[in-house]
file entry.csv (CSV, C-alpha atoms and all ligand atoms)
chain,number,residue,atom,x,y,z
A,1,ARG,CA,0.0,0.0,0.0
A,2,PRO,CA,1.3,3.5,-0.8
A,3,ARG,CA,2.5,5.3,2.3
A,4,THR,CA,1.5,8.7,1.0
A,5,ALA,CA,-2.0,7.7,0.1
A,6,ARG,CA,-4.0,10.6,1.7
A,7,ALA,CA,-1.6,13.3,0.8
A,8,SER,CA,-2.0,13.0,-3.0
A,9,TRP,CA,-5.7,12.4,-3.6
A,10,ASP,CA,-7.5,15.4,-5.1
A,11,GLY,CA,-10.9,13.9,-6.0
A,12,VAL,CA,-10.3,13.2,-9.6
A,13,GLY,CA,-9.5,9.6,-10.6
A,14,ARG,CA,-6.6,9.5,-13.0
A,15,LEU,CA,-3.4,7.7,-13.7
A,16,ALA,CA,0.1,9.4,-13.7
A,17,ASP,CA,-0.3,10.1,-17.5
A,18,GLY,CA,-3.8,11.6,-17.1
A,19,HIS,CA,-5.8,8.5,-18.2
A,20,ARG,CA,-9.1,8.8,-16.5
A,21,VAL,CA,-10.5,6.1,-14.2
A,22,LYS,CA,-13.5,7.5,-12.4
A,23,LEU,CA,-13.5,6.9,-8.6
A,24,LEU,CA,-17.1,6.4,-7.3
A,25,ALA,CA,-18.7,5.4,-4.0
A,26,ASN,CA,-20.7,2.4,-2.9
A,27,VAL,CA,-23.5,3.6,-0.6
A,28,GLY,CA,-26.5,2.2,1.2
A,29,SER,CA,-27.7,5.1,3.3
A,30,ALA,CA,-27.8,8.9,3.5
A,31,ALA,CA,-24.9,8.8,6.0
A,32,ASP,CA,-22.8,6.7,3.6
A,33,ALA,CA,-23.6,9.2,0.8
A,34,ARG,CA,-22.5,12.2,3.0
A,35,ALA,CA,-19.3,10.4,3.9
A,36,ALA,CA,-18.7,9.6,0.2
A,37,ALA,CA,-19.2,13.2,-0.9
A,38,ALA,CA,-16.9,14.4,1.9
A,39,ALA,CA,-14.3,11.9,0.8
A,40,GLY,CA,-14.4,13.4,-2.8
A,41,ALA,CA,-16.2,10.6,-4.6
A,42,GLU,CA,-16.9,11.7,-8.3
A,43,GLY,CA,-20.3,10.1,-8.0
A,44,ILE,CA,-22.1,7.0,-6.8
A,45,GLY,CA,-21.2,3.8,-8.6
A,46,LEU,CA,-23.4,1.6,-6.5
A,47,PHE,CA,-26.4,2.5,-4.4
A,48,ARG,CA,-27.6,-0.7,-2.7
A,49,THR,CA,-31.3,0.2,-2.4
A,50,GLU,CA,-32.1,-3.0,-0.5
A,51,PHE,CA,-30.1,-1.6,2.5
A,52,CYS,CA,-32.9,0.9,3.0
A,53,TYR,CA,-35.3,-1.9,3.7
A,54,LEU,CA,-33.5,-4.6,5.8
A,55,ALA,CA,-36.0,-4.0,8.6
A,56,ALA,CA,-39.2,-3.4,6.5
A,57,THR,CA,-42.0,-5.9,7.0
A,58,SER,CA,-44.1,-4.6,4.1
A,59,GLU,CA,-43.2,-3.1,0.7
A,60,PRO,CA,-42.5,0.6,1.1
A,61,THR,CA,-44.9,2.8,-0.8
A,62,GLU,CA,-43.6,4.6,-3.9
A,63,GLU,CA,-43.6,7.8,-1.9
A,64,GLU,CA,-41.6,6.2,1.0
A,65,GLN,CA,-39.1,4.9,-1.6
A,66,ARG,CA,-38.8,8.3,-3.3
A,67,ALA,CA,-38.1,10.0,0.0
A,68,ALA,CA,-35.5,7.4,1.1
A,69,TYR,CA,-33.7,7.5,-2.3
A,70,ALA,CA,-33.7,11.3,-2.4
A,71,ALA,CA,-32.0,11.5,1.0
A,72,VAL,CA,-29.2,9.3,-0.3
A,73,LEU,CA,-28.9,11.1,-3.7
A,74,GLU,CA,-29.0,14.7,-2.4
A,75,PRO,CA,-25.3,15.2,-1.7
A,76,PHE,CA,-24.6,14.2,-5.4
A,77,ALA,CA,-26.6,16.8,-7.2
A,78,GLY,CA,-25.2,17.3,-10.7
A,79,LYS,CA,-23.1,14.2,-10.4
A,80,PRO,CA,-23.5,10.7,-11.9
A,81,VAL,CA,-25.2,8.2,-9.7
A,82,VAL,CA,-26.0,4.5,-10.3
A,83,VAL,CA,-29.0,3.3,-8.4
A,84,ARG,CA,-29.2,-0.5,-8.2
A,85,THR,CA,-32.7,-2.0,-8.1
A,86,LEU,CA,-33.5,-4.3,-5.2
A,87,ASP,CA,-31.0,-7.1,-4.8
A,88,ALA,CA,-33.0,-9.2,-2.3
A,89,GLY,CA,-32.4,-12.9,-1.5
A,90,SER,CA,-29.5,-15.1,-0.5
A,91,ASP,CA,-27.1,-13.0,1.6
A,92,LYS,CA,-29.5,-10.0,1.6
A,93,PRO,CA,-32.9,-11.3,2.6
A,94,LEU,CA,-35.8,-8.8,2.8
A,95,ALA,CA,-38.7,-9.6,5.2
A,96,PHE,CA,-41.3,-8.2,2.8
A,97,LEU,CA,-40.0,-10.4,-0.1
A,98,PRO,CA,-40.0,-14.0,1.3
A,99,MET,CA,-38.4,-16.4,-1.2
A,100,GLY,CA,-39.9,-19.6,0.2
A,101,GLU,CA,-37.7,-22.6,1.0
A,102,GLU,CA,-34.8,-22.9,-1.5
A,103,PRO,CA,-32.1,-25.5,-1.2
A,104,ASN,CA,-29.5,-23.1,-2.6
A,105,PRO,CA,-30.5,-19.5,-2.0
A,106,ALA,CA,-27.4,-18.1,-3.8
A,107,LEU,CA,-28.6,-20.0,-6.9
A,108,GLY,CA,-32.3,-19.2,-6.4
A,109,VAL,CA,-34.7,-16.4,-7.0
A,110,ARG,CA,-32.7,-13.4,-6.1
A,111,GLY,CA,-31.8,-10.0,-7.5
A,112,LEU,CA,-33.6,-9.2,-10.8
A,113,ARG,CA,-35.1,-12.7,-10.8
A,114,VAL,CA,-37.6,-11.6,-8.1
A,115,ALA,CA,-39.0,-9.1,-10.6
A,116,PHE,CA,-39.8,-11.6,-13.4
A,117,ASP,CA,-42.8,-12.8,-11.4
A,118,ARG,CA,-43.6,-9.4,-9.9
A,119,PRO,CA,-42.7,-6.8,-12.5
A,120,GLU,CA,-45.0,-4.2,-10.9
A,121,LEU,CA,-42.6,-4.3,-7.9
A,122,LEU,CA,-39.8,-3.2,-10.2
A,123,ASP,CA,-41.9,-0.7,-11.9
A,124,ARG,CA,-42.9,1.0,-8.6
A,125,GLN,CA,-39.2,1.1,-7.6
A,126,LEU,CA,-38.1,2.6,-11.0
A,127,ALA,CA,-40.8,5.3,-10.7
A,128,ALA,CA,-39.6,6.2,-7.2
A,129,ILE,CA,-36.0,6.3,-8.3
A,130,ALA,CA,-36.8,8.5,-11.3
A,131,SER,CA,-38.7,11.0,-9.2
A,132,ALA,CA,-36.0,11.0,-6.5
A,133,ALA,CA,-33.4,11.7,-9.2
A,134,ALA,CA,-35.5,14.6,-10.7
A,135,ASP,CA,-36.0,16.1,-7.2
A,136,THR,CA,-32.2,16.0,-6.4
A,137,GLY,CA,-30.8,16.9,-9.8
A,138,VAL,CA,-28.5,13.9,-10.1
A,139,GLU,CA,-27.4,12.4,-13.4
A,140,LEU,CA,-29.2,9.1,-13.0
A,141,SER,CA,-28.4,5.6,-14.2
A,142,VAL,CA,-30.2,2.5,-13.0
A,143,MET,CA,-28.6,-0.9,-12.7
A,144,ALA,CA,-30.0,-4.4,-12.3
A,145,PRO,CA,-28.4,-7.1,-10.0
A,146,MET,CA,-27.9,-10.8,-10.8
A,147,VAL,CA,-28.4,-10.7,-14.6
A,148,ALA,CA,-27.6,-13.9,-16.4
A,149,THR,CA,-28.5,-13.3,-20.0
A,150,ALA,CA,-28.7,-10.6,-22.7
A,151,ALA,CA,-32.5,-11.2,-22.8
A,152,GLU,CA,-32.8,-10.4,-19.1
A,153,ALA,CA,-30.7,-7.2,-19.6
A,154,ALA,CA,-33.0,-6.2,-22.5
A,155,TRP,CA,-36.1,-6.8,-20.4
A,156,PHE,CA,-34.7,-4.6,-17.6
A,157,ALA,CA,-33.5,-1.8,-20.0
A,158,ALA,CA,-37.0,-1.7,-21.6
A,159,ARG,CA,-38.7,-1.3,-18.2
A,160,ALA,CA,-36.3,1.5,-17.3
A,161,ARG,CA,-37.0,3.3,-20.5
A,162,THR,CA,-40.7,3.0,-19.9
A,163,ALA,CA,-40.1,4.6,-16.5
A,164,GLY,CA,-38.5,7.6,-18.3
A,165,ILE,CA,-34.9,6.7,-17.3
A,166,ALA,CA,-32.4,7.3,-20.0
A,167,ARG,CA,-29.5,5.2,-18.8
A,168,ALA,CA,-29.8,1.6,-17.8
A,169,GLY,CA,-27.0,-0.9,-17.1
A,170,VAL,CA,-26.6,-4.3,-15.4
A,171,MET,CA,-24.2,-5.9,-13.0
A,172,ILE,CA,-21.9,-8.6,-14.3
A,173,GLU,CA,-21.7,-11.0,-11.4
A,174,ILE,CA,-22.7,-14.3,-13.0
A,175,PRO,CA,-20.1,-16.1,-15.1
A,176,ALA,CA,-22.5,-16.5,-18.0
A,177,ALA,CA,-23.0,-12.8,-18.1
A,178,ALA,CA,-19.3,-12.2,-18.2
A,179,LEU,CA,-18.9,-14.7,-21.0
A,180,CYS,CA,-21.6,-13.0,-23.1
A,181,ALA,CA,-20.7,-9.4,-22.1
A,182,ALA,CA,-20.8,-8.2,-25.7
A,183,ASP,CA,-24.4,-9.4,-26.2
A,184,ILE,CA,-25.4,-7.8,-22.9
A,185,LEU,CA,-23.6,-4.5,-23.8
A,186,ALA,CA,-25.6,-4.4,-27.0
A,187,GLU,CA,-28.7,-4.1,-24.9
A,188,VAL,CA,-27.6,-1.6,-22.2
A,189,ASP,CA,-25.6,1.6,-21.7
A,190,PHE,CA,-23.0,0.2,-19.3
A,191,VAL,CA,-22.1,-2.7,-17.1
A,192,SER,CA,-20.5,-2.9,-13.7
A,193,LEU,CA,-18.6,-6.0,-12.4
A,194,GLY,CA,-19.8,-7.3,-9.0
A,195,THR,CA,-16.6,-9.1,-8.2
A,196,ASN,CA,-18.0,-10.3,-4.8
A,197,ASP,CA,-20.6,-12.5,-6.4
A,198,LEU,CA,-18.6,-13.1,-9.6
A,199,ALA,CA,-15.9,-14.7,-7.4
A,200,GLN,CA,-18.4,-16.7,-5.5
A,201,TYR,CA,-19.8,-18.2,-8.7
A,202,VAL,CA,-16.5,-18.6,-10.6
A,203,PHE,CA,-14.8,-20.5,-7.8
A,204,ALA,CA,-18.0,-22.2,-6.5
A,205,ALA,CA,-17.1,-20.8,-3.0
A,206,ASP,CA,-19.8,-19.3,-0.8
A,207,ARG,CA,-19.0,-15.7,-0.2
A,208,GLN,CA,-20.3,-16.0,3.4
A,209,LEU,CA,-18.2,-19.0,4.4
A,210,GLY,CA,-14.9,-18.2,6.1
A,211,ALA,CA,-13.6,-21.7,5.3
A,212,VAL,CA,-13.4,-20.9,1.6
A,213,ALA,CA,-12.5,-17.2,1.9
A,214,ALA,CA,-9.1,-17.7,0.1
A,215,LEU,CA,-11.0,-18.9,-3.0
A,216,ASN,CA,-13.0,-15.6,-3.0
A,217,ASP,CA,-9.8,-13.5,-3.4
A,218,PRO,CA,-10.6,-11.4,-6.5
A,219,GLY,CA,-6.9,-11.0,-7.4
A,220,GLN,CA,-6.8,-14.5,-8.9
A,221,GLN,CA,-6.1,-15.2,-12.5
A,222,ALA,CA,-9.5,-16.8,-13.4
A,223,LEU,CA,-11.5,-13.8,-12.1
A,224,LEU,CA,-9.2,-11.2,-13.7
A,225,ARG,CA,-9.4,-13.0,-17.0
A,226,LEU,CA,-13.1,-12.6,-16.9
A,227,VAL,CA,-12.8,-8.9,-16.0
A,228,GLY,CA,-10.4,-8.5,-18.9
A,229,MET,CA,-12.9,-10.1,-21.3
A,230,VAL,CA,-15.7,-7.8,-20.1
A,231,ALA,CA,-13.6,-4.7,-20.4
A,232,GLU,CA,-12.6,-5.7,-23.9
A,233,ALA,CA,-16.2,-6.1,-24.9
A,234,GLY,CA,-16.9,-2.7,-23.4
A,235,GLN,CA,-14.1,-1.1,-25.4
A,236,ALA,CA,-15.4,-2.7,-28.6
A,237,GLU,CA,-18.9,-1.4,-27.9
A,238,GLY,CA,-17.6,2.0,-26.7
A,239,LYS,CA,-19.5,1.6,-23.4
A,240,PRO,CA,-18.2,2.0,-19.8
A,241,VAL,CA,-17.2,-1.1,-17.7
A,242,GLY,CA,-16.9,-0.4,-14.0
A,243,VAL,CA,-16.0,-2.6,-11.0
A,244,CYS,CA,-18.1,-2.2,-7.9
A,245,GLY,CA,-17.2,-5.3,-5.9
A,246,GLU,CA,-14.6,-5.2,-3.1
A,247,ALA,CA,-11.8,-5.7,-5.6
A,248,ALA,CA,-12.2,-2.0,-6.6
A,249,ALA,CA,-11.2,-0.9,-3.0
A,250,ASP,CA,-7.9,-2.7,-3.1
A,251,PRO,CA,-5.1,-0.2,-4.2
A,252,ALA,CA,-2.9,-3.1,-5.4
A,253,LEU,CA,-5.7,-4.4,-7.6
A,254,ALA,CA,-6.9,-1.0,-8.8
A,255,SER,CA,-4.0,-0.6,-11.2
A,256,VAL,CA,-4.5,-4.1,-12.6
A,257,LEU,CA,-8.2,-3.4,-13.2
A,258,ALA,CA,-7.3,-0.1,-14.9
A,259,GLY,CA,-4.7,-2.0,-17.0
A,260,LEU,CA,-7.4,-4.5,-18.0
A,261,GLY,CA,-9.5,-1.6,-19.4
A,262,VAL,CA,-12.0,-0.9,-16.6
A,263,THR,CA,-13.3,2.6,-16.8
A,264,SER,CA,-14.5,3.3,-13.2
A,265,LEU,CA,-14.0,1.9,-9.7
A,266,SER,CA,-16.6,2.1,-7.1
A,267,MET,CA,-15.8,1.5,-3.4
A,268,ASN,CA,-16.6,2.4,0.2
A,269,ALA,CA,-15.7,6.0,1.0
A,270,ALA,CA,-12.8,5.2,3.2
A,271,ALA,CA,-10.9,3.4,0.3
A,272,LEU,CA,-11.1,6.4,-2.1
A,273,ALA,CA,-7.9,8.2,-1.0
A,274,GLY,CA,-5.7,5.1,-1.1
A,275,VAL,CA,-6.9,3.9,-4.5
A,276,GLY,CA,-6.8,7.5,-5.9
A,277,ALA,CA,-3.2,8.0,-4.7
A,278,GLU,CA,-2.1,4.6,-6.0
A,279,LEU,CA,-3.5,5.3,-9.5
A,280,ARG,CA,-1.7,8.6,-9.6
A,281,SER,CA,1.6,6.8,-9.1
A,282,VAL,CA,1.4,4.6,-12.3
A,283,ASP,CA,0.8,5.2,-15.9
A,284,LEU,CA,-1.4,3.2,-18.3
A,285,ALA,CA,1.6,1.3,-19.7
A,286,ALA,CA,2.6,0.1,-16.2
A,287,CYS,CA,-1.0,-0.8,-15.4
A,288,ARG,CA,-1.2,-2.9,-18.6
A,289,GLU,CA,2.0,-4.6,-17.7
A,290,ARG,CA,0.7,-5.5,-14.3
A,291,ALA,CA,-2.6,-6.7,-15.8
A,292,ALA,CA,-0.7,-8.9,-18.4
A,293,LYS,CA,1.2,-10.5,-15.5
A,294,ALA,CA,-1.9,-11.0,-13.4
A,295,VAL,CA,-3.9,-12.8,-16.1
B,1,LIG,C1,-20.9,-7.7,-5.8
B,1,LIG,O1,-21.5,-8.8,-5.9
B,1,LIG,O2,-19.7,-7.6,-6.1
B,1,LIG,C2,-21.6,-6.5,-5.5
B,1,LIG,C3,-21.0,-5.3,-5.7
B,1,LIG,O3,-22.9,-6.5,-5.0
B,1,LIG,P1,-23.2,-7.1,-3.5
B,1,LIG,O4,-21.9,-7.2,-2.8
B,1,LIG,O5,-24.2,-6.1,-3.0
B,1,LIG,O6,-23.8,-8.4,-3.8
B,2,MG,MG,-23.7,-8.9,-5.9
call {"tool": "encode", "arguments": {"input": "entry.csv", "output": "structure tokens"}}
result
Amino acid sequence: RPRTARASWDGVGRLADGHRVKLLANVGSAADARAAAAAGAEGIGLFRTEFCYLAATSEPTEEEQRAAYAAVLEPFAGKPVVVRTLDAGSDKPLAFLPMGEEPNPALGVRGLRVAFDRPELLDRQLAAIASAAADTGVELSVMAPMVATAAEAAWFAARARTAGIARAGVMIEIPAAALCAADILAEVDFVSLGTNDLAQYVFAADRQLGAVAALNDPGQQALLRLVGMVAEAGQAEGKPVGVCGEAAADPALASVLAGLGVTSLSMNAAALAGVGAELRSVDLAACRERAAKAV
């Protein structure tokens, strides 16, 4: 880790040669958002909306949702924000969305899959997000979690457009989605790699189980090869490819991700200064060298 991390971060993510890598924040509450703005985040790369409802026993009304989202978005007026639609199920259960008994909840009805049977739930959330964004003046994108196929991505993007939202993207956190990133990118405006779940599914290692934690290390060759494939697909399509899993918060990995072609990194506020300073210390050629070694 760079020893001078805090001293050289000025709130603009770029490499030593000026190559831009946007540094964004992961947030789940208004307090997180305020901390992220104070830490100099260029925007929000992942708003985990399900974090607003961990204690809710019934679906929040559209107005309740609008108010909750506006409180989080408010510090980022005029800045880009990515609001993720509900990622319920598995490690993030919501009391008002019981999934029933599933033998393997991580492989079950979770994330966007919940919306296929209940599209009106997604539509209400999209409407609330759109009006919170209009109220706060943020530059809105919405993003779906746990997308497996290009058809699912197209389905989500169509519903976002119907809700009047101009930019829609999806998370790449299922290996199938990484392998077919070009087809998915043809349907959406951007993608963001969720390396926490992607590692879990690539290595068949439960992200919640300490005994297999070593397998969930995102610095491993297999995971980075997939990241590289997705970034290449993004470059070919001319569309942004971010990383919003924990990998983005690791200064040592950040340069590798930049070298693979990732265009933004989204992390907890406390990690921004360290990652920002590390990126300032290397140019793109050095990042590409590190990436080539890593894969
Ligand atoms: C991920 O899976 O990497 C991710 C960013 O989403 P979450 O941790 O909320 O599942
Ligand atoms: Mg995830």
call {"tool": "atom_distance", "arguments": {"input": "entry.csv", "atom1": "atom CA of Ala247 of chain A", "atom2": "atom CA of Asn104 of chain A"}}
result
25.0 Å
call {"tool": "residues_around", "arguments": {"input": "entry.csv", "residues": "segment 133-137 of chain A", "least_positions_apart": "3", "cutoff": "6 Å", "atoms": "only C-alpha atoms", "output": "ChimeraX atom specification"}}
result
/A:74,77-78,130
call {"tool": "write_last_selection", "arguments": {"input": "entry.csv", "atoms": "C-alpha atoms", "output": "PDB file, keeping the file's coordinate frame"}}
result
ATOM      1  CA  GLU A  74     -29.000  14.700  -2.400  1.00  0.00           C
ATOM      2  CA  ALA A  77     -26.600  16.800  -7.200  1.00  0.00           C
ATOM      3  CA  GLY A  78     -25.200  17.300 -10.700  1.00  0.00           C
ATOM      4  CA  ALA A 130     -36.800   8.500 -11.300  1.00  0.00           C
TER       5      ALA A 130
END
call {"tool": "atom_distance", "arguments": {"input": "entry.csv", "atom1": "atom CA of Pro60 of chain A", "atom2": "atom CA of Gln125 of chain A"}}
result
9.3 Å
call {"tool": "atom_distance", "arguments": {"input": "entry.csv", "atom1": "atom CA of Asp123 of chain A", "atom2": "atom CA of Val27 of chain A"}}
result
22.0 Å
call {"tool": "closest_residue", "arguments": {"input": "entry.csv", "among": "A:Leu179, A:Ala158, A:Ala231, A:Met146", "to": "ligand MG 2 (chain B)", "atoms": "all atoms listed in the file"}}
result
A:Met146
call {"tool": "residues_near_ligand", "arguments": {"input": "entry.csv", "ligand": "ligand MG 2 (chain B)", "cutoff": "6 Å", "atoms": "all atoms listed in the file", "output": "ChimeraX atom specification"}}
result
/A:194,196-197
call {"tool": "residues_around", "arguments": {"input": "entry.csv", "residues": "Leu46 of chain A", "least_positions_apart": "6", "cutoff": "12 Å", "atoms": "all atoms listed in the file", "output": "PyMOL selection string"}}
result
chain A and resi 23-29+32-33+36+72-73+80-87+140-145+169-171+191-194+242-246+248+264-269
call {"tool": "closest_residue", "arguments": {"input": "entry.csv", "among": "A:Ala67, A:Ala115, A:Leu198, A:Ala128", "to": "ligand LIG 1 (chain B)", "atoms": "all atoms listed in the file"}}
result
A:Leu198
call {"tool": "closest_residue", "arguments": {"input": "entry.csv", "among": "A:Asn216, A:Gln208, A:Ser58, A:Thr195", "to": "ligand LIG 1 (chain B)", "atoms": "all atoms listed in the file"}}
result
A:Thr195
call {"tool": "closest_residue", "arguments": {"input": "entry.csv", "among": "A:Gly89, A:Pro218, A:Pro240, A:Pro98", "to": "Arg110 of chain A", "atoms": "only C-alpha atoms"}}
result
A:Gly89
